[in-house]
$ cat target_28.txt   # compact mmCIF, N, CA and C atoms
# COMPACT_ATOMS: atom_id res chain seq x y z
N MET A 1 0.84 -1.18 0.00
CA MET A 1 0.00 0.00 0.00
C MET A 1 0.89 1.24 0.00
N ILE A 2 0.29 2.36 -0.39
CA ILE A 2 0.98 3.64 -0.34
C ILE A 2 0.23 4.55 0.62
N CYS A 3 0.94 5.11 1.56
CA CYS A 3 0.35 6.01 2.55
C CYS A 3 -0.11 7.29 1.86
N PRO A 4 -1.37 7.71 2.04
CA PRO A 4 -1.85 8.93 1.38
C PRO A 4 -1.23 10.21 1.93
N THR A 5 -0.62 10.15 3.11
CA THR A 5 -0.02 11.35 3.70
C THR A 5 1.43 11.53 3.28
N CYS A 6 2.26 10.51 3.50
CA CYS A 6 3.70 10.65 3.23
C CYS A 6 4.13 9.95 1.95
N LYS A 7 3.23 9.20 1.33
CA LYS A 7 3.50 8.47 0.07
C LYS A 7 4.49 7.33 0.23
N ARG A 8 4.75 6.91 1.45
CA ARG A 8 5.66 5.79 1.70
C ARG A 8 4.95 4.48 1.35
N THR A 9 5.69 3.55 0.77
CA THR A 9 5.15 2.23 0.46
C THR A 9 5.33 1.33 1.68
N PHE A 10 4.28 0.58 2.03
CA PHE A 10 4.35 -0.33 3.17
C PHE A 10 3.44 -1.52 2.92
N GLU A 11 3.69 -2.59 3.65
CA GLU A 11 2.85 -3.78 3.56
C GLU A 11 1.66 -3.64 4.50
N ALA A 12 0.49 -3.87 3.99
CA ALA A 12 -0.73 -3.72 4.80
C ALA A 12 -0.80 -4.76 5.91
N THR A 13 -0.08 -5.86 5.77
CA THR A 13 -0.12 -6.91 6.79
C THR A 13 0.89 -6.68 7.90
N GLU A 14 1.80 -5.70 7.70
CA GLU A 14 2.80 -5.39 8.73
C GLU A 14 2.11 -4.91 10.00
N GLU A 15 2.75 -5.20 11.11
CA GLU A 15 2.28 -4.62 12.37
C GLU A 15 3.06 -3.36 12.64
N ALA A 16 2.43 -2.41 13.27
CA ALA A 16 3.12 -1.18 13.66
C ALA A 16 4.04 -1.49 14.83
N LYS A 17 4.84 -0.53 15.21
CA LYS A 17 5.73 -0.72 16.35
C LYS A 17 4.93 -1.02 17.60
N GLY A 18 5.43 -1.89 18.44
CA GLY A 18 4.74 -2.25 19.67
C GLY A 18 3.70 -3.34 19.48
N GLY A 19 3.65 -3.95 18.29
CA GLY A 19 2.73 -5.04 18.06
C GLY A 19 1.28 -4.62 17.84
N GLN A 20 1.03 -3.33 17.70
CA GLN A 20 -0.34 -2.85 17.47
C GLN A 20 -0.67 -2.95 15.98
N ARG A 21 -1.96 -2.95 15.70
CA ARG A 21 -2.39 -2.97 14.30
C ARG A 21 -2.10 -1.63 13.65
N ARG A 22 -1.75 -1.66 12.39
CA ARG A 22 -1.43 -0.46 11.64
C ARG A 22 -2.72 0.34 11.36
N PRO A 23 -2.68 1.66 11.47
CA PRO A 23 -3.88 2.49 11.24
C PRO A 23 -4.13 2.71 9.74
N LEU A 24 -4.60 1.67 9.07
CA LEU A 24 -4.81 1.72 7.62
C LEU A 24 -5.81 2.81 7.25
N PRO A 25 -5.68 3.49 6.15
CA PRO A 25 -4.73 3.30 5.06
C PRO A 25 -3.41 4.03 5.27
N PHE A 26 -3.13 4.46 6.46
CA PHE A 26 -1.91 5.22 6.74
C PHE A 26 -0.81 4.27 7.21
N CYS A 27 0.45 4.70 7.02
CA CYS A 27 1.57 3.84 7.42
C CYS A 27 1.85 3.94 8.91
N SER A 28 1.38 5.02 9.56
CA SER A 28 1.66 5.19 10.99
C SER A 28 0.59 6.07 11.63
N SER A 29 0.58 6.07 12.95
CA SER A 29 -0.34 6.94 13.67
C SER A 29 -0.02 8.41 13.41
N ARG A 30 1.26 8.70 13.21
CA ARG A 30 1.67 10.08 12.92
C ARG A 30 1.01 10.58 11.63
N CYS A 31 1.04 9.76 10.57
CA CYS A 31 0.41 10.16 9.31
C CYS A 31 -1.11 10.25 9.47
N ARG A 32 -1.69 9.36 10.26
CA ARG A 32 -3.14 9.41 10.50
C ARG A 32 -3.51 10.72 11.19
N LEU A 33 -2.73 11.13 12.20
CA LEU A 33 -3.01 12.38 12.91
C LEU A 33 -2.74 13.60 12.04
N ALA A 34 -1.74 13.53 11.17
CA ALA A 34 -1.48 14.64 10.24
C ALA A 34 -2.67 14.83 9.30
N ASP A 35 -3.23 13.72 8.83
CA ASP A 35 -4.41 13.80 7.96
C ASP A 35 -5.60 14.38 8.71
N LEU A 36 -5.81 13.95 9.93
CA LEU A 36 -6.90 14.49 10.74
C LEU A 36 -6.71 15.99 10.95
N GLY A 37 -5.48 16.42 11.20
CA GLY A 37 -5.20 17.84 11.36
C GLY A 37 -5.54 18.64 10.11
N ASN A 38 -5.27 18.06 8.93
CA ASN A 38 -5.64 18.74 7.69
C ASN A 38 -7.15 18.90 7.57
N TRP A 39 -7.90 17.89 7.96
CA TRP A 39 -9.37 18.00 7.94
C TRP A 39 -9.84 19.08 8.90
N LEU A 40 -9.31 19.07 10.12
CA LEU A 40 -9.77 20.01 11.13
C LEU A 40 -9.37 21.45 10.84
N ASP A 41 -8.22 21.63 10.18
CA ASP A 41 -7.75 22.98 9.84
C ASP A 41 -8.36 23.51 8.54
N GLY A 42 -9.18 22.70 7.88
CA GLY A 42 -9.78 23.12 6.62
C GLY A 42 -8.84 22.97 5.43
N GLY A 43 -7.83 22.13 5.57
CA GLY A 43 -6.88 21.92 4.48
C GLY A 43 -7.50 21.21 3.29
N TYR A 44 -8.53 20.43 3.52
CA TYR A 44 -9.24 19.74 2.45
C TYR A 44 -10.54 20.48 2.21
N ARG A 45 -10.58 21.24 1.14
CA ARG A 45 -11.80 21.97 0.80
C ARG A 45 -11.82 22.21 -0.69
N ILE A 46 -12.99 22.48 -1.20
CA ILE A 46 -13.16 22.78 -2.61
C ILE A 46 -13.16 24.29 -2.76
N PRO A 47 -12.20 24.85 -3.50
CA PRO A 47 -12.15 26.30 -3.65
C PRO A 47 -13.32 26.80 -4.50
N THR A 48 -13.88 27.91 -4.10
CA THR A 48 -14.95 28.54 -4.87
C THR A 48 -14.66 30.01 -5.00
N ALA A 49 -15.13 30.57 -6.09
CA ALA A 49 -14.97 32.00 -6.30
C ALA A 49 -16.12 32.72 -5.60
N THR A 50 -15.80 33.64 -4.72
CA THR A 50 -16.84 34.40 -4.03
C THR A 50 -16.49 35.88 -4.10
N ASP A 51 -17.49 36.68 -4.05
CA ASP A 51 -17.28 38.11 -3.92
C ASP A 51 -18.25 38.62 -2.86
N ASP A 52 -18.20 39.88 -2.55
CA ASP A 52 -19.03 40.44 -1.48
C ASP A 52 -20.52 40.26 -1.74
N GLN A 53 -20.95 40.32 -3.00
CA GLN A 53 -22.37 40.15 -3.31
C GLN A 53 -22.83 38.73 -2.99
N ASP A 54 -21.99 37.74 -3.27
CA ASP A 54 -22.35 36.35 -2.97
C ASP A 54 -22.50 36.14 -1.47
N LEU A 55 -21.66 36.80 -0.69
CA LEU A 55 -21.71 36.61 0.76
C LEU A 55 -22.94 37.26 1.38
N ASP A 56 -23.43 38.34 0.79
CA ASP A 56 -24.59 39.05 1.33
C ASP A 56 -25.91 38.49 0.83
N ALA A 57 -25.91 37.75 -0.26
CA ALA A 57 -27.14 37.23 -0.84
C ALA A 57 -27.65 36.04 -0.04
N PRO A 58 -28.98 35.87 0.05
CA PRO A 58 -29.52 34.68 0.74
C PRO A 58 -29.25 33.44 -0.10
N PRO A 59 -29.27 32.28 0.53
CA PRO A 59 -29.10 31.04 -0.24
C PRO A 59 -30.18 30.93 -1.31
N PRO A 60 -29.92 30.25 -2.42
CA PRO A 60 -30.88 30.21 -3.52
C PRO A 60 -32.22 29.56 -3.16
N ASP A 61 -32.29 28.70 -2.16
CA ASP A 61 -33.55 28.05 -1.79
C ASP A 61 -34.44 28.93 -0.93
N ASP A 62 -33.90 29.99 -0.34
CA ASP A 62 -34.67 30.86 0.54
C ASP A 62 -35.52 31.83 -0.27
N LYS A 63 -36.74 32.04 0.19
CA LYS A 63 -37.61 33.04 -0.40
C LYS A 63 -37.69 34.22 0.57
N PRO A 64 -37.79 35.43 0.06
CA PRO A 64 -37.97 36.55 0.97
C PRO A 64 -39.30 36.41 1.69
N PRO A 65 -39.41 36.82 2.95
CA PRO A 65 -40.67 36.69 3.68
C PRO A 65 -41.75 37.55 3.05
N SER A 66 -42.94 37.00 3.02
CA SER A 66 -44.07 37.75 2.47
C SER A 66 -44.87 38.37 3.61
N ASP A 67 -45.68 39.38 3.28
CA ASP A 67 -46.49 40.05 4.30
C ASP A 67 -47.60 39.14 4.84
N SER A 68 -48.01 38.15 4.07
CA SER A 68 -49.10 37.28 4.52
C SER A 68 -48.60 36.09 5.33
N ASP A 69 -47.31 35.98 5.53
CA ASP A 69 -46.74 34.88 6.31
C ASP A 69 -47.04 35.11 7.78
N PRO A 70 -47.77 34.20 8.45
CA PRO A 70 -48.15 34.42 9.85
C PRO A 70 -46.97 34.34 10.83
N LEU A 71 -45.85 33.72 10.43
CA LEU A 71 -44.74 33.58 11.33
C LEU A 71 -43.84 34.82 11.37
N ASN A 72 -44.01 35.74 10.46
CA ASN A 72 -43.17 36.95 10.44
C ASN A 72 -43.93 38.17 10.85
$ encode --input "target_28.txt" --output "structure tokens"
Amino acid sequence: MICPTCKRTFEATEEAKGGQRRPLPFCSSRCRLADLGNWLDGGYRIPTATDDQDLDAPPPDDKPPSDSDPLN
């Protein structure tokens, strides 16, 4: 297997140090935690183009409240 974090090649049947099971698909707990850190820090995201108008506009599914709406 190839570790998605460090790209090191390793055998999936190998045991990690100390006789523990390897944290697949990563080669080590360190790479697993580095990947988790990328998720938590927002390192994995889809870039989008935004401008100030996009940020101020309501989401496309929202309708402006009407005067006949009893909840408003």
$ closest_residue --input "target_28.txt" --among "A:Leu40, A:Pro4, A:Ala57, A:Ile46" --to "A:Cys27" --atoms "all atoms listed in the file"
A:Pro4
$ atom_distance --input "target_28.txt" --atom1 "atom CA of A:Ala34" --atom2 "atom C of A:Pro47"
22.5 Å
$ axis_aligned_box --input "target_28.txt" --around "stretch 32-40 of chain A" --padding-each-side "5 Å" --output "AutoDock Vina command-line options"
--center_x -5.7 --center_y 15.4 --center_z 10.2 --size_x 18.4 --size_y 22.1 --size_z 15.3
$ atom_distance --input "target_28.txt" --atom1 "atom CA of A:Gln20" --atom2 "atom CA of A:Gly43"
28.7 Å
$ atom_distance --input "target_28.txt" --atom1 "atom N of A:Ala12" --atom2 "atom N of A:Asn38"
23.2 Å
$ residues_around --input "target_28.txt" --residues "A:Thr5" --least-positions-apart "5" --cutoff "12 Å" --atoms "only C-alpha atoms" --output "ChimeraX atom specification"
/A:24-38
